[in-house]
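Some notes on the structure that comes next.
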Amino acid sequence: MFPSSELVLDSKNNVYHLGLNPSQIADKVIVVGDQDRVAMISHFFDTIEHTSQHREFVCHTGIYKGKRISALSTGIGTDNIDITINELDALANIDLIAREEKSQKKSLEIIRIGTCGILQAEIPVHSYILSTHAIGLDNVAHFYGISFTTAEIELLTAFSTQVHLPAKVEPYLVSASNELTSKLDSELTIKGITVTSSGFYGPQGRQLRLATKTVQLNEQLTAFQYKNERILNFEMESSALFALGKSLGHQCATICLGVANRPRLDFSKGYEKEMKELIVYVLDRI
């Protein structure tokens with residue numbers, strides 16, 4: 001039995017941060033950082049059965065072409081992903097009233113639609129970047145007893161040999177769901193490794209008035225090669241999504257709209273139209 005200090009519920013027996021009960025979440029969940037992007041997704045639903053907001057966690061659940069889908073905002077960063085994945089799993093696999101793990105487990109499909117910075121000069125802004133793996137420069141996965149595959153460890157070893165991080169940063173690497181990634185793959189996507197950063201400025205090699213220790217980081221990431229693998233982009237959520245989601249038995253994937261090309265110092269002048277097109281692209285394939 002999970003005590004109240006560990007499985008934290010509100011007065012309505014909803015999970016504490018998401019503010020949801022099991023009936024309000026679908027087996028297919030699209031997660032986004034931006035709260036406003038939830039309504040952008042549900043705009044395409046045929047019907048909407050549930051809407052809620054608690055803190056930064058906005059949820060709309062409805063039907064799209066016969067498929068029940070939830071769109072859920074997480075806010076920015078892997079710390080919020082830690083909350084989101086644990087509470088989504090609790091909604092799916094814990095009896096919240098009895099506070100006991102269910103004997104019959106449910107595997108959710110969790111797809112992140114985000115924006116990212118592109119790290120390869122030849123990839124144009126507004127490209128669809130589909131993550132095969134995520135390299136975490138955050139530390140969320142290090143707090144859990146997560147087992148990594150031999151292939152993941154080998155790829156991480158190659159990364160650590162070629163890319164030199166500040167001494168106290170210990171990266172981890174985890175693959176996306178092959179099954180879910182295959183559903184999202186097409187001639188419109190570019191597949192490769194995603195780097196998940198713990199911040200937007202210094203951790204991604206940007207500096208304004210405060211100097212960063214990662215001045216040459218982007219160049220090292222761009223140059224990385226191992227077998228047929230390349231690093232394509234920077235974002236801020238996928239490493240924890242893949243690590244925690246996969247360990248809990250869920251299928252997780254990330255597809256991002258490239259809004260900046262870092263080597264070319266280029267940034268999108270507006271991407272609402274392209275984001276809506278990406279949303280429909282994902283809705284049609286999941």
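If you're wondering about the labels, chains in the structure tokens are A, B, ... by order shown, residues count from 1 in each chain, ligands from 1 in order shown.
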
Give me, as a ChimeraX atom specification, all polymer residues having an atom no more than 10 Å from stretch 168-182 of chain A, counting only C-alpha atoms and skipping those fewer than 3 positions away in the same chain. /A:109-111,130-142,147-149,151-157,159-160,164-165,185-186,191,193-197,238-246,250-255,285-286

Skipping near chain neighbours, those fewer than 5 positions away, what residues fall within 8 Å of A:Thr51 using only C-alpha atoms, listed as an mmCIF file with N, CA and C atoms, in the first residue's frame?
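Final file, part_6.cif:
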```cif
data_model
loop_
_atom_site.group_PDB
_atom_site.id
_atom_site.type_symbol
_atom_site.label_atom_id
_atom_site.label_comp_id
_atom_site.auth_asym_id
_atom_site.auth_seq_id
_atom_site.Cartn_x
_atom_site.Cartn_y
_atom_site.Cartn_z
ATOM 1 N N VAL A 58 -2.233 21.624 -18.100
ATOM 2 C CA VAL A 58 -3.516 21.736 -18.792
ATOM 3 C C VAL A 58 -3.778 20.417 -19.509
ATOM 4 N N CYS A 59 -5.001 19.898 -19.390
ATOM 5 C CA CYS A 59 -5.339 18.632 -20.045
ATOM 6 C C CYS A 59 -6.648 18.760 -20.804
ATOM 7 N N HIS A 60 -6.646 18.354 -22.064
ATOM 8 C CA HIS A 60 -7.859 18.216 -22.873
ATOM 9 C C HIS A 60 -7.893 16.779 -23.389
ATOM 10 N N THR A 61 -8.984 16.081 -23.150
ATOM 11 C CA THR A 61 -9.162 14.718 -23.646
ATOM 12 C C THR A 61 -10.370 14.691 -24.575
#
```

Exercise: A:Leu278 partners within 12 Å, only C-alpha atoms, chain neighbours under 5 positions left out, as a list in words: Arg37, Met40, Ile41, Phe44, Arg112, Ile113, Gly114, Thr115, His126, Ser127, Tyr128, Ile129, Leu130, Leu184, Leu188, Thr189, Thr254, Ile255, Cys256, Leu257, Gly258, Tyr271, Glu272, Lys273, Leu283, Asp284 and Arg285 of chain A

Please return as an MDAnalysis selection string: the residues of stretch 106-183 of chain A that backbone DSSP assigns to strand (DSSP E or B). chainID A and resid 109:118 128:136 172:175

Dump as a PDB file, in the first residue's frame, selection limited to N, CA and C atoms:
```pdb
ATOM      1  N   GLU A 109       0.789   5.186 -24.653  1.00  0.00           N
ATOM      2  CA  GLU A 109       1.589   5.790 -25.717  1.00  0.00           C
ATOM      3  C   GLU A 109       1.731   7.267 -25.384  1.00  0.00           C
ATOM      4  N   ILE A 110       2.968   7.710 -25.159  1.00  0.00           N
ATOM      5  CA  ILE A 110       3.215   9.096 -24.756  1.00  0.00           C
ATOM      6  C   ILE A 110       4.113   9.735 -25.806  1.00  0.00           C
ATOM      7  N   ILE A 111       3.573  10.728 -26.494  1.00  0.00           N
ATOM      8  CA  ILE A 111       4.288  11.369 -27.592  1.00  0.00           C
ATOM      9  C   ILE A 111       4.521  12.830 -27.245  1.00  0.00           C
ATOM     10  N   ARG A 112       5.766  13.233 -27.247  1.00  0.00           N
ATOM     11  CA  ARG A 112       6.068  14.646 -27.029  1.00  0.00           C
ATOM     12  C   ARG A 112       6.120  15.364 -28.376  1.00  0.00           C
ATOM     13  N   ILE A 113       5.353  16.448 -28.502  1.00  0.00           N
ATOM     14  CA  ILE A 113       5.472  17.379 -29.622  1.00  0.00           C
ATOM     15  C   ILE A 113       6.104  18.647 -29.066  1.00  0.00           C
ATOM     16  N   GLY A 114       7.289  18.988 -29.566  1.00  0.00           N
ATOM     17  CA  GLY A 114       7.986  20.138 -29.021  1.00  0.00           C
ATOM     18  C   GLY A 114       8.639  20.987 -30.091  1.00  0.00           C
ATOM     19  N   THR A 115       9.410  21.933 -29.622  1.00  0.00           N
ATOM     20  CA  THR A 115      10.275  22.719 -30.488  1.00  0.00           C
ATOM     21  C   THR A 115      11.712  22.450 -30.089  1.00  0.00           C
ATOM     22  N   CYS A 116      12.626  22.712 -30.996  1.00  0.00           N
ATOM     23  CA  CYS A 116      14.024  22.392 -30.695  1.00  0.00           C
ATOM     24  C   CYS A 116      14.957  23.296 -31.477  1.00  0.00           C
ATOM     25  N   GLY A 117      16.220  23.276 -31.058  1.00  0.00           N
ATOM     26  CA  GLY A 117      17.297  23.906 -31.798  1.00  0.00           C
ATOM     27  C   GLY A 117      18.040  22.855 -32.596  1.00  0.00           C
ATOM     28  N   ILE A 118      18.188  23.096 -33.887  1.00  0.00           N
ATOM     29  CA  ILE A 118      18.863  22.153 -34.783  1.00  0.00           C
ATOM     30  C   ILE A 118      20.377  22.339 -34.666  1.00  0.00           C
ATOM     31  N   TYR A 128      10.968  18.494 -39.334  1.00  0.00           N
ATOM     32  CA  TYR A 128      10.464  17.598 -38.292  1.00  0.00           C
ATOM     33  C   TYR A 128      11.619  16.706 -37.834  1.00  0.00           C
ATOM     34  N   ILE A 129      12.062  16.874 -36.598  1.00  0.00           N
ATOM     35  CA  ILE A 129      13.162  16.080 -36.038  1.00  0.00           C
ATOM     36  C   ILE A 129      12.571  14.992 -35.145  1.00  0.00           C
ATOM     37  N   LEU A 130      12.794  13.745 -35.532  1.00  0.00           N
ATOM     38  CA  LEU A 130      12.257  12.582 -34.825  1.00  0.00           C
ATOM     39  C   LEU A 130      13.389  11.922 -34.043  1.00  0.00           C
ATOM     40  N   SER A 131      13.242  11.840 -32.747  1.00  0.00           N
ATOM     41  CA  SER A 131      14.311  11.362 -31.863  1.00  0.00           C
ATOM     42  C   SER A 131      14.403   9.845 -31.847  1.00  0.00           C
ATOM     43  N   THR A 132      15.575   9.319 -32.146  1.00  0.00           N
ATOM     44  CA  THR A 132      15.827   7.886 -31.976  1.00  0.00           C
ATOM     45  C   THR A 132      16.321   7.593 -30.566  1.00  0.00           C
ATOM     46  N   HIS A 133      17.079   8.521 -30.007  1.00  0.00           N
ATOM     47  CA  HIS A 133      17.622   8.415 -28.647  1.00  0.00           C
ATOM     48  C   HIS A 133      17.614   9.811 -28.031  1.00  0.00           C
ATOM     49  N   ALA A 134      17.715   9.862 -26.718  1.00  0.00           N
ATOM     50  CA  ALA A 134      17.919  11.126 -26.017  1.00  0.00           C
ATOM     51  C   ALA A 134      19.113  10.978 -25.083  1.00  0.00           C
ATOM     52  N   ILE A 135      19.993  11.960 -25.139  1.00  0.00           N
ATOM     53  CA  ILE A 135      21.134  12.032 -24.215  1.00  0.00           C
ATOM     54  C   ILE A 135      20.787  13.067 -23.154  1.00  0.00           C
ATOM     55  N   GLY A 136      20.723  12.630 -21.907  1.00  0.00           N
ATOM     56  CA  GLY A 136      20.337  13.518 -20.823  1.00  0.00           C
ATOM     57  C   GLY A 136      21.526  14.217 -20.191  1.00  0.00           C
ATOM     58  N   TYR A 172      23.414  10.564 -19.440  1.00  0.00           N
ATOM     59  CA  TYR A 172      22.871   9.224 -19.648  1.00  0.00           C
ATOM     60  C   TYR A 172      22.213   9.208 -21.020  1.00  0.00           C
ATOM     61  N   LEU A 173      21.982   8.031 -21.546  1.00  0.00           N
ATOM     62  CA  LEU A 173      21.430   7.897 -22.893  1.00  0.00           C
ATOM     63  C   LEU A 173      20.384   6.805 -22.908  1.00  0.00           C
ATOM     64  N   VAL A 174      19.259   7.092 -23.542  1.00  0.00           N
ATOM     65  CA  VAL A 174      18.157   6.133 -23.588  1.00  0.00           C
ATOM     66  C   VAL A 174      17.462   6.233 -24.939  1.00  0.00           C
ATOM     67  N   SER A 175      16.995   5.117 -25.445  1.00  0.00           N
ATOM     68  CA  SER A 175      16.357   5.086 -26.760  1.00  0.00           C
ATOM     69  C   SER A 175      14.861   5.345 -26.650  1.00  0.00           C
TER      70      SER A 175
END
```

Secondary structure check, alpha helix (DSSP H) residues of stretch 179-245 of chain A, as a VMD selection string: chain A and resid 179 to 184 217 to 223 238 to 245

Pick the closest to A:Lys12 from A:Ile97, A:Lys227, A:Ala26, A:Ile123: which is it, counting only C-alpha atoms?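 Closest to A:Lys12 of all the choices is A:Ile97.
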
Proximity to A:Asn233 - best of A:Val163, A:Met275, A:Ile30, A:Val125, only C-alpha atoms: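 Checking each candidate against A:Asn233, we get A:Val125 as the closest.
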
Can you tell me which residues surround A:Asn93 at a distance of at most 9 Å, considering only C-alpha atoms, apart from same-chain residues fewer than 5 positions away, and format the answer as a list in words? Leu88, Glu100, Glu101, Lys102, Ser103, Gln104, Lys105, Lys106 and Ser107 of chain A

Just the selected residues (C-alpha atoms), exported as an mmCIF file, in the first residue's frame, please.
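File produced: selection_22.cif:
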```cif
data_model
loop_
_atom_site.group_PDB
_atom_site.id
_atom_site.type_symbol
_atom_site.label_atom_id
_atom_site.label_comp_id
_atom_site.auth_asym_id
_atom_site.auth_seq_id
_atom_site.Cartn_x
_atom_site.Cartn_y
_atom_site.Cartn_z
ATOM 1 C CA LEU A 88 0.446 9.403 -15.582
ATOM 2 C CA GLU A 100 -2.266 -0.494 -4.423
ATOM 3 C CA GLU A 101 -0.540 -1.400 -7.650
ATOM 4 C CA LYS A 102 -2.893 -2.953 -10.180
ATOM 5 C CA SER A 103 -2.204 -6.560 -11.161
ATOM 6 C CA GLN A 104 -3.090 -5.809 -14.805
ATOM 7 C CA LYS A 105 -0.678 -3.206 -16.175
ATOM 8 C CA LYS A 106 -1.492 -0.687 -18.893
ATOM 9 C CA SER A 107 1.083 0.657 -21.363
#
```

Taking 5 positions as the minimum chain separation for residues in the same chain, which residues sit within 12 Å of A:Gly75 when counting only C-alpha atoms? Answer as a list in words.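 So, after excluding close chain neighbours, the residues are His17, Leu18, Val31, Val32, Gly33, Asp34, Gln35, Asp36, Arg37, Val38, His54, Arg55, Glu56, Phe57, Val58, Asn80, Ile81, Asp82, Ile83, Thr84, Arg112, Gly114, Met236 and Glu237 of chain A.
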
Can you write out the residues you just picked, keeping C-alpha atoms, as a PDB file, in the first residue's frame?
```pdb
ATOM      1  CA  HIS A  17       0.016  17.893  -9.575  1.00  0.00           C
ATOM      2  CA  LEU A  18      -1.832  16.930 -12.756  1.00  0.00           C
ATOM      3  CA  VAL A  31       2.624  15.968 -24.051  1.00  0.00           C
ATOM      4  CA  VAL A  32       3.714  19.522 -24.813  1.00  0.00           C
ATOM      5  CA  GLY A  33       5.656  22.081 -22.840  1.00  0.00           C
ATOM      6  CA  ASP A  34       3.499  25.074 -23.730  1.00  0.00           C
ATOM      7  CA  GLN A  35       0.064  25.326 -22.082  1.00  0.00           C
ATOM      8  CA  ASP A  36      -1.378  27.145 -25.108  1.00  0.00           C
ATOM      9  CA  ARG A  37      -0.420  24.248 -27.383  1.00  0.00           C
ATOM     10  CA  VAL A  38      -2.988  21.998 -25.679  1.00  0.00           C
ATOM     11  CA  HIS A  54      -3.988  22.711 -12.405  1.00  0.00           C
ATOM     12  CA  ARG A  55      -0.846  24.840 -12.178  1.00  0.00           C
ATOM     13  CA  GLU A  56       0.959  24.484 -15.533  1.00  0.00           C
ATOM     14  CA  PHE A  57      -0.721  21.152 -16.266  1.00  0.00           C
ATOM     15  CA  VAL A  58      -3.516  21.736 -18.792  1.00  0.00           C
ATOM     16  CA  ASN A  80       8.312  18.539 -14.645  1.00  0.00           C
ATOM     17  CA  ILE A  81       8.610  15.381 -16.742  1.00  0.00           C
ATOM     18  CA  ASP A  82       9.469  13.499 -13.534  1.00  0.00           C
ATOM     19  CA  ILE A  83       6.128  14.628 -12.098  1.00  0.00           C
ATOM     20  CA  THR A  84       4.201  14.037 -15.313  1.00  0.00           C
ATOM     21  CA  ARG A 112       6.068  14.646 -27.029  1.00  0.00           C
ATOM     22  CA  GLY A 114       7.986  20.138 -29.021  1.00  0.00           C
ATOM     23  CA  MET A 236      14.693  20.059 -22.647  1.00  0.00           C
ATOM     24  CA  GLU A 237      12.404  17.097 -21.881  1.00  0.00           C
TER      25      GLU A 237
END
```
